[in-house]
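Comments concern the structure below.
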Amino acid sequence: MGTVDQQTTLKKRVSLSGVGVHSGKPVTVHFNPATAGEGIVFKRVDSGAEGRLIRAHASQVAKTDLCTVIGNNDGDQVMTIEHLMSAVSGLGIDNLLIEIDNSEVPILDGSSIMFLDAFVEAGIETLPASRRFIRILKPVRVEAGEAWAELVPYNGTRFEVEIDFATPAIGRQKIGLDLSARIYSREISHARTFGFIKDVEWLWAAGLALGSSLENSVVIGEDDRVVNAAGLRYPDEFVRHKTLDAIGDLAVIGGPIIGCFRSYRSGHRLNGTVVKEVLADPSAFEIVEARRAGTGYEDITRAE
């Protein structure tokens with residue numbers, strides 16, 4: 001029997017600054033090493049927030065309208081955590097204390113690559129504690145009209161995501177991949193968030209997308225073409241970004257998933273709902289320790 005996967009954190013503190021895509025406000029985040037078992041925890045350090053903590057866990061998810069928002073019982077919130085959480089999950093980081101001086105994670109370039117690069121620069125440290133996985137034991141599916149999302153048993157960590165937009169700039173796109181740090185870095189991390197010119201006015205009226213620009217979003221114009229002068233980073237960047245989002249949304253489940261996530265026309269709300277449905281059904285999952293073997297796992301044992 002081999003050694004089971006160990007928990008990880010960063011070797012040293014690293015920081016990033018930018019603006020919130022919805023608030024438009026400047027924000028700095030500091031990523032600090034944390035001890036085994038702490039998980040991913042946010043700490044508001046701006047005036048008035050008094051340093052209270054918010055766990056990046058499904059139990060703390062407050063909203064999932066246009067982004068994933070977490071909050072605590074004191075009313076403190078952190079918005080738009082999905083790209084950051086996607087990078088955390090993609091690199092397999094288990095424990096972090098994230099200090100943030102405003103209410104929204106910076107959008108940076110609209111993808112997760114700058115978070116990933118910062119984590120790689122800081123270095124990843126292995127901790128003397130076994131990693132706890134969430135192993136899916138039976139299919140759990142949620143639907144909303146034609147859209148759906150599900151988690152099903154699978155000996156690996158797999159994402160199969162399909163989108164379908166009326167605009168010819170996107171159309172129908174599908175991707176399937178077994179997640180690893182190398183695959184995430186190469187195939188997913190550069191994919192940017194996207195939006196439509198026609199939606200800008202109502203978003204602004206709702207106090208949203210105030211920090212959005214061509215520097216951090218792929219924008220589709222009234223003529224159904226990509227406005228950004230440099231074009232796309234991947235031919236199917238849209239479905240890759242939806243996969244990036246899904247990885248981030250599922251990262252609040254409480255540990256790396258041993259299972260397959262599948263979706264069609266899903267978004268933050270459905271992604272978040274399937275996580276909560278799984279956690280609400282003790283027969284749908286078990287907490288295990290395991291050892292990575294290729295794209296799958298072996299030596300799987302129920303955690304004590």
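All residue names refer to the structure tokens as shown: chains lettered A, B, ... in order, residues numbered from 1 in each chain, ligands numbered from 1 in order.
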Item to check | DSSP helix (DSSP H, G or I) selection over region 57-288 of chain A, as a PyMOL selection string | outcome: chain A and resi 58-60+82-91+113-122+181-188+197-205+237-253+268-279+282-284
Next on the checklist: List as a PyMOL selection string the protein and nucleic acid residues near Asn155 (chain A), meaning an atom at most 8 Å away when only C-alpha atoms are counted, but skip any in the same chain fewer than 5 places from it.
Outcome noted: chain A and resi 258-259+296-297
Residues as selected, N, CA, C and O atoms, written as a PDB file, in the first residue's frame, can you do that?
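Output (again-v4.pdb):
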ATOM      1  N   ILE A 258     -13.497  13.064  -5.710  1.00  0.00           N
ATOM      2  CA  ILE A 258     -13.276  11.857  -6.514  1.00  0.00           C
ATOM      3  C   ILE A 258     -14.630  11.552  -7.147  1.00  0.00           C
ATOM      4  O   ILE A 258     -15.539  11.037  -6.498  1.00  0.00           O
ATOM      5  N   GLY A 259     -14.772  11.934  -8.393  1.00  0.00           N
ATOM      6  CA  GLY A 259     -16.041  11.825  -9.086  1.00  0.00           C
ATOM      7  C   GLY A 259     -15.987  12.609 -10.375  1.00  0.00           C
ATOM      8  O   GLY A 259     -14.973  13.232 -10.705  1.00  0.00           O
ATOM      9  N   GLY A 296      -6.403   8.464 -11.926  1.00  0.00           N
ATOM     10  CA  GLY A 296      -7.337   7.921 -10.940  1.00  0.00           C
ATOM     11  C   GLY A 296      -6.736   7.867  -9.558  1.00  0.00           C
ATOM     12  O   GLY A 296      -5.722   8.505  -9.258  1.00  0.00           O
ATOM     13  N   TYR A 297      -7.379   7.087  -8.687  1.00  0.00           N
ATOM     14  CA  TYR A 297      -6.944   6.960  -7.309  1.00  0.00           C
ATOM     15  C   TYR A 297      -6.937   5.501  -6.886  1.00  0.00           C
ATOM     16  O   TYR A 297      -7.711   4.686  -7.398  1.00  0.00           O
TER      17      TYR A 297
END
Contact check, region 113-201 of chain A to region 225-242 of chain A, at most 12 Å, counting only C-alpha atoms, closest pairs as a tab-separated table:
residue	atom	partner	partner_atom	distance
A:Ile113	CA	A:His241	CA	11.6
A:Phe159	CA	A:Arg240	CA	10.5
A:Glu160	CA	A:Val239	CA	10.0
A:Val161	CA	A:Val239	CA	7.0
A:Glu162	CA	A:Val239	CA	6.7
A:Ile163	CA	A:Val239	CA	6.2
A:Asp164	CA	A:Val239	CA	9.1
A:Phe165	CA	A:Phe238	CA	10.0
A:Thr167	CA	A:Arg225	CA	8.6
A:Pro168	CA	A:Arg225	CA	8.0
A:Ala169	CA	A:Arg225	CA	5.6
A:Ile170	CA	A:Phe238	CA	7.0
A:Gly171	CA	A:Phe238	CA	9.6
A:Arg172	CA	A:Val239	CA	8.8
A:Gln173	CA	A:Val239	CA	6.0
A:Lys174	CA	A:Val239	CA	6.4
A:Ile175	CA	A:Val239	CA	6.9
A:Gly176	CA	A:Arg240	CA	9.6
A:Leu177	CA	A:Arg240	CA	10.4
A:Ile183	CA	A:Arg240	CA	11.8
A:Tyr184	CA	A:Arg240	CA	10.1
A:Ser185	CA	A:Arg240	CA	11.7
A:Arg186	CA	A:Tyr234	CA	10.7
A:Glu187	CA	A:Arg240	CA	7.5
A:Ile188	CA	A:Arg240	CA	5.7
A:Ser189	CA	A:His241	CA	8.1
A:His190	CA	A:Arg233	CA	7.1
A:Ala191	CA	A:His241	CA	4.8
A:Arg192	CA	A:His241	CA	5.8
A:Thr193	CA	A:His241	CA	6.1
A:Phe194	CA	A:Phe238	CA	7.2
A:Gly195	CA	A:Val226	CA	9.8
A:Phe196	CA	A:Val226	CA	9.3
A:Ile197	CA	A:Val227	CA	9.1
Go ahead and save the picked residues with C-alpha atoms, as an mmCIF file, in the first residue's frame.
data_model
loop_
_atom_site.group_PDB
_atom_site.id
_atom_site.type_symbol
_atom_site.label_atom_id
_atom_site.label_comp_id
_atom_site.auth_asym_id
_atom_site.auth_seq_id
_atom_site.Cartn_x
_atom_site.Cartn_y
_atom_site.Cartn_z
ATOM 1 C CA ILE A 113 -3.642 32.384 -14.470
ATOM 2 C CA PHE A 159 -15.176 17.644 -15.660
ATOM 3 C CA GLU A 160 -17.441 17.346 -18.711
ATOM 4 C CA VAL A 161 -18.965 20.720 -19.528
ATOM 5 C CA GLU A 162 -21.197 21.725 -22.433
ATOM 6 C CA ILE A 163 -22.541 25.173 -23.293
ATOM 7 C CA ASP A 164 -24.967 26.360 -25.957
ATOM 8 C CA PHE A 165 -25.411 30.036 -26.850
ATOM 9 C CA THR A 167 -24.742 33.756 -30.843
ATOM 10 C CA PRO A 168 -22.528 32.298 -33.589
ATOM 11 C CA ALA A 169 -19.529 33.737 -31.722
ATOM 12 C CA ILE A 170 -19.996 30.888 -29.225
ATOM 13 C CA GLY A 171 -22.565 28.340 -30.392
ATOM 14 C CA ARG A 172 -22.373 24.868 -28.879
ATOM 15 C CA GLN A 173 -19.074 23.873 -27.269
ATOM 16 C CA LYS A 174 -18.107 20.864 -25.167
ATOM 17 C CA ILE A 175 -15.003 19.799 -23.263
ATOM 18 C CA GLY A 176 -14.041 16.826 -21.103
ATOM 19 C CA LEU A 177 -10.867 16.445 -19.056
ATOM 20 C CA ILE A 183 -3.858 19.917 -17.326
ATOM 21 C CA TYR A 184 -5.447 22.776 -15.377
ATOM 22 C CA SER A 185 -2.492 25.078 -15.999
ATOM 23 C CA ARG A 186 -2.300 24.323 -19.709
ATOM 24 C CA GLU A 187 -5.942 23.817 -20.729
ATOM 25 C CA ILE A 188 -8.073 25.895 -18.347
ATOM 26 C CA SER A 189 -6.254 28.617 -16.398
ATOM 27 C CA HIS A 190 -5.910 31.128 -19.270
ATOM 28 C CA ALA A 191 -9.621 31.131 -20.225
ATOM 29 C CA ARG A 192 -11.274 34.496 -19.483
ATOM 30 C CA THR A 193 -14.739 35.436 -18.354
ATOM 31 C CA PHE A 194 -17.015 36.706 -21.112
ATOM 32 C CA GLY A 195 -20.064 38.879 -21.632
ATOM 33 C CA PHE A 196 -22.246 40.673 -24.137
ATOM 34 C CA ILE A 197 -22.330 44.373 -25.011
#
Next on the checklist: For the strand (DSSP E) assignment from backbone DSSP, which residues of region 77-198 of chain A qualify? Please present them as a PyMOL selection string.
Outcome noted: chain A and resi 77-78+96-100+124-130+133-136+140-144+147-152+157-164+172-178+194-196
Next on the checklist: If we count only C-alpha atoms and set the cut-off at 12 Å, which residues sit around region 271-274 of chain A, ignoring sequence neighbours fewer than 2 positions away in its own chain? Please answer as a ChimeraX atom specification.
Outcome noted: /A:57-70,82,136,139-144,147-152,159,161,242-253,261-269,276-281,284
Checklist entry - Which is closer to Gly254 (chain A) than all the others in A:Gly20, A:Gly39, A:Gly51, A:Pro33, using only C-alpha atoms? => result A:Gly39
Would you mind listing what lies within 6 Å of region 87-94 of chain A as a short mmCIF file (atom, residue, chain, number, x, y, z; two decimals) with N, CA and C atoms, in the first residue's frame, with only C-alpha atoms counted and same-chain residues fewer than 2 positions away left out?
data_model
loop_
_atom_site.label_atom_id
_atom_site.label_comp_id
_atom_site.auth_asym_id
_atom_site.auth_seq_id
_atom_site.Cartn_x
_atom_site.Cartn_y
_atom_site.Cartn_z
N GLN A 7 -1.95 16.78 2.58
CA GLN A 7 -2.46 18.14 2.45
C GLN A 7 -1.33 19.10 2.10
N THR A 8 -1.71 20.25 1.54
CA THR A 8 -0.72 21.24 1.11
C THR A 8 -1.13 22.65 1.56
N THR A 9 -0.15 23.54 1.52
CA THR A 9 -0.38 24.97 1.69
C THR A 9 0.72 25.68 0.90
N GLY A 39 -8.33 24.42 5.97
CA GLY A 39 -9.08 24.68 4.76
C GLY A 39 -8.78 26.06 4.18
N LEU A 84 -10.45 32.51 -8.17
CA LEU A 84 -9.44 32.22 -7.15
C LEU A 84 -9.56 30.78 -6.65
N MET A 85 -10.78 30.37 -6.32
CA MET A 85 -10.99 29.00 -5.83
C MET A 85 -10.68 27.97 -6.90
N SER A 112 -7.78 32.67 -14.37
CA SER A 112 -7.18 32.33 -13.07
C SER A 112 -5.66 32.25 -13.15
N LEU A 116 -2.77 31.47 -10.23
CA LEU A 116 -1.94 30.27 -10.36
C LEU A 116 -0.46 30.63 -10.35
N ALA A 181 -2.89 19.25 -11.99
CA ALA A 181 -2.29 20.59 -12.00
C ALA A 181 -1.75 20.94 -13.38
N TYR A 184 -4.79 21.53 -15.75
CA TYR A 184 -5.45 22.78 -15.38
C TYR A 184 -4.64 23.98 -15.87
#
Item to check | Interatomic distance, CA of Val29 (chain A) to CA of Asp101 (chain A) (Å, one decimal) | outcome: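 Here the two named atoms are 6.8 Å from each other.
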Checklist entry - How many Å separate CA of Thr157 (chain A) from CA of Thr295 (chain A)? => result 7.6 Å
Contacts of region 118-121 of chain A at 7 Å (only C-alpha atoms; same-chain gap of 4+ positions) as a CSV table (one decimal) with N, CA, C and O atoms, in the first residue's frame:
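The resulting file, part-v1.csv, is shown below:
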chain,number,residue,atom,x,y,z
A,10,LEU,N,0.8,27.0,1.0
A,10,LEU,CA,1.9,27.7,0.4
A,10,LEU,C,3.1,27.8,1.3
A,10,LEU,O,3.0,27.7,2.5
A,14,VAL,N,2.1,35.6,-0.3
A,14,VAL,CA,2.2,36.2,-1.6
A,14,VAL,C,0.9,37.1,-1.8
A,14,VAL,O,-0.1,36.8,-1.2
A,114,MET,N,-3.2,34.4,-13.2
A,114,MET,CA,-2.4,35.3,-12.3
A,114,MET,C,-2.4,34.7,-10.8
A,114,MET,O,-1.4,34.8,-10.1
Once you count only C-alpha atoms, what closest atom pair and distance in Å to one decimal does each residue of region 92-151 of chain A within 12 Å of region 198-213 of chain A have, with rows by chain and rising residue number, as a tab-separated table?
residue	atom	partner	partner_atom	distance
A:Glu104	CA	A:Gly211	CA	10.9
A:Val105	CA	A:Gly211	CA	11.6
A:Pro106	CA	A:Gly211	CA	9.4
A:Ile107	CA	A:Gly211	CA	8.3
A:Leu108	CA	A:Ser212	CA	10.1
A:Asp109	CA	A:Ser213	CA	9.5
A:Gly110	CA	A:Ser212	CA	8.9
Item to check | Straight-line distance linking CA of Asn32 (chain A) with CA of Lys12 (chain A), stated in Å to one decimal | outcome: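 Taking CA of Asn32 (chain A) and CA of Lys12 (chain A), their separation equals 6.6 Å.
Of the listed residues A:Val275, A:Ala129, A:Ile100, A:Ile81, the one whose atoms come nearest to Glu50 (chain A) is A:Ile100, with distances taken using only C-alpha atoms.
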